[in-house]
Structure formats: structure tokens, C-alpha cells
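Beneath this line is the structure, given in C-alpha cells, with notes to follow.
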Amino acid sequence: MSRRTTGPNGTRVERRKTPRFNVSVPMEVSWRGPDGMAIKEQAIAKQVNAHGGLLEMANYPEIGSRVSLTNFLSAETAEARVLATPSSREGVSHGIIVELIVPDESFWGVNLQVKKA
């Protein structure tokens with residue numbers, strides 16, 4: 001059974017665990033393609049929170065793929081899972097939605113606690 005995306009009064013219900021914050025963080029996304037070949041793609045993190053974010057990129061992996069994210073500002077890496085692509089969900093136009101395997105507020109290189117205040 002799918003979750004409701006609208007409330008009883010017709011307004012959109014937010015399903016994110018925490019609010020996202022607008023950023024512009026250069027990233028590298030790497031994954032294995034269907035043929036097993038390693039693929040690397042440049043991306044820009046546009047909206048993030050401790051659990052994941054929206055990455056704008058030209059080419060992208062399939063939904064459910066595990067990807068490795070490298071933050072070019074901090075040189076940190078993290079593992080993530082692809083939740084949505086442009087072909088899978090309305091509103092995802094030029095990139096992917098990822099969920100970090102281990103939530104991390106500091107991975108994106110910005111202090112999300114300060115932004116919350």
C-alpha cells in the first residue's frame with residue numbers, strides 16, 4: 001500500500017525526515033553500470049539534509065543502485081542509495097535523489113545545525 005502524498009484537506013504532505021537546505025556543493029558520484037563497468041559522473045548537490053539530498057547531474061544510475069559520493073570541498077566520501085531519477089518521479093528534473101546509508105549532517109560540508117536556527 002502506498003503512502004498518501006496529500007492530507008485530508010488536499011495539501012501536500014511532507015514525507016522527508018528533516019527539512020532540506022539549499023546548497024551548491026560539487027560532488028563526484030560513482031557506481032557500477034549494468035555491464036559491471038565503473039562509472040563516474042560530476043554532480044552538484046542542490047538540496048541536502050543529514051539523510052540525503054538532490055544531486056543535479058547529466059547521467060545517472062538506476063533506482064535502487066548503491067553509489068559512492070565524494071564531496072570535492074571536504075574530500076569526504078559516503079555511500080548512498082538512489083531513491084528517484086527524472087524518469088521515475090515528477091519534480092526530479094536533472095538529477096537524482098539519494099539517501100545516505102549512514103545519516104551524516106557534516107558530509108555535505110555545511111553546518112546544517114546553524115541553518116536550522
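So you can find residues: chains in the C-alpha cells are A, B, ... in the order shown, residues in each start at 1, and ligands are numbered from 1 in order.
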
Can you pull out every residue within 9 Å of Ile97 (chain A), counting only C-alpha atoms, but drop anything in the same chain fewer than 3 positions away, and send it as a compact mmCIF listing (two decimals) with C-alpha atoms, in the first residue's frame?
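Contents of selection_38.txt, as written:
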```txt
# COMPACT_ATOMS: atom_id res chain seq x y z
CA GLY A 52 20.41 12.60 1.74
CA GLY A 53 19.71 15.10 -0.98
CA LEU A 54 19.08 16.14 -4.56
CA LEU A 55 22.07 15.89 -6.89
CA GLU A 56 21.97 17.55 -10.31
CA ARG A 81 21.18 4.62 -2.34
CA VAL A 82 19.34 6.14 -5.33
CA LEU A 83 15.67 6.78 -4.46
CA ALA A 84 14.50 8.65 -7.57
CA THR A 85 15.56 9.71 -11.07
CA VAL A 92 13.09 15.36 -10.32
```

Need to verify the contact set: Ile96 (chain A), 12 Å, only C-alpha atoms, exclusion of same-chain residues closer than 6 positions in sequence. Can you return it as a PDB file with C-alpha atoms, in the first residue's frame?
```
ATOM      1  CA  VAL A  29      29.161  10.130  -7.996  1.00  0.00           C
ATOM      2  CA  GLU A  41      29.881  11.431 -13.078  1.00  0.00           C
ATOM      3  CA  ALA A  43      27.299  16.381  -9.874  1.00  0.00           C
ATOM      4  CA  ILE A  44      26.199  19.373  -7.832  1.00  0.00           C
ATOM      5  CA  ALA A  45      24.362  18.819  -4.549  1.00  0.00           C
ATOM      6  CA  LYS A  46      21.484  21.327  -4.597  1.00  0.00           C
ATOM      7  CA  GLN A  47      19.246  20.411  -1.634  1.00  0.00           C
ATOM      8  CA  VAL A  48      20.551  18.375   1.287  1.00  0.00           C
ATOM      9  CA  GLY A  52      20.412  12.601   1.743  1.00  0.00           C
ATOM     10  CA  GLY A  53      19.707  15.103  -0.983  1.00  0.00           C
ATOM     11  CA  LEU A  54      19.082  16.144  -4.562  1.00  0.00           C
ATOM     12  CA  LEU A  55      22.074  15.886  -6.893  1.00  0.00           C
ATOM     13  CA  GLU A  56      21.972  17.546 -10.311  1.00  0.00           C
ATOM     14  CA  MET A  57      23.855  15.531 -12.916  1.00  0.00           C
ATOM     15  CA  ALA A  58      23.704  14.713 -16.631  1.00  0.00           C
ATOM     16  CA  ASN A  59      23.851  10.888 -16.476  1.00  0.00           C
ATOM     17  CA  TYR A  60      22.596   8.879 -13.547  1.00  0.00           C
ATOM     18  CA  PRO A  61      22.356   5.353 -12.140  1.00  0.00           C
ATOM     19  CA  GLU A  62      19.208   3.241 -11.899  1.00  0.00           C
ATOM     20  CA  ILE A  63      16.801   3.492  -8.954  1.00  0.00           C
ATOM     21  CA  GLY A  64      17.949   1.336  -6.050  1.00  0.00           C
ATOM     22  CA  SER A  65      21.610   1.459  -7.076  1.00  0.00           C
ATOM     23  CA  VAL A  67      26.553   4.853  -5.250  1.00  0.00           C
ATOM     24  CA  ALA A  80      24.172   6.248  -0.691  1.00  0.00           C
ATOM     25  CA  ARG A  81      21.176   4.619  -2.342  1.00  0.00           C
ATOM     26  CA  VAL A  82      19.343   6.140  -5.330  1.00  0.00           C
ATOM     27  CA  LEU A  83      15.674   6.783  -4.458  1.00  0.00           C
ATOM     28  CA  ALA A  84      14.499   8.655  -7.571  1.00  0.00           C
ATOM     29  CA  THR A  85      15.560   9.706 -11.066  1.00  0.00           C
ATOM     30  CA  PRO A  86      13.944  12.053 -13.624  1.00  0.00           C
ATOM     31  CA  SER A  87      12.158   9.140 -15.304  1.00  0.00           C
ATOM     32  CA  SER A  88      10.781   7.787 -12.015  1.00  0.00           C
ATOM     33  CA  ARG A  89       9.295  10.771 -10.229  1.00  0.00           C
ATOM     34  CA  GLU A  90       7.692  14.056 -11.214  1.00  0.00           C
TER      35      GLU A  90
END
```

Interatomic distance (Å, one decimal) between CA of Arg66 (chain A) and CA of Glu79 (chain A): 7.0 Å

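CA of Gln42 (chain A) sits 25.8 Å away from CA of Thr18 (chain A).
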
Residue among A:Ile101, A:Gly95, A:Asn49, A:Leu69 lying closest to Trp31 (chain A), counting only C-alpha atoms: A:Leu69

Point-to-point distance from CA of Glu105 (chain A) to CA of Lys40 (chain A), Å rounded to tenths: 23.9 Å
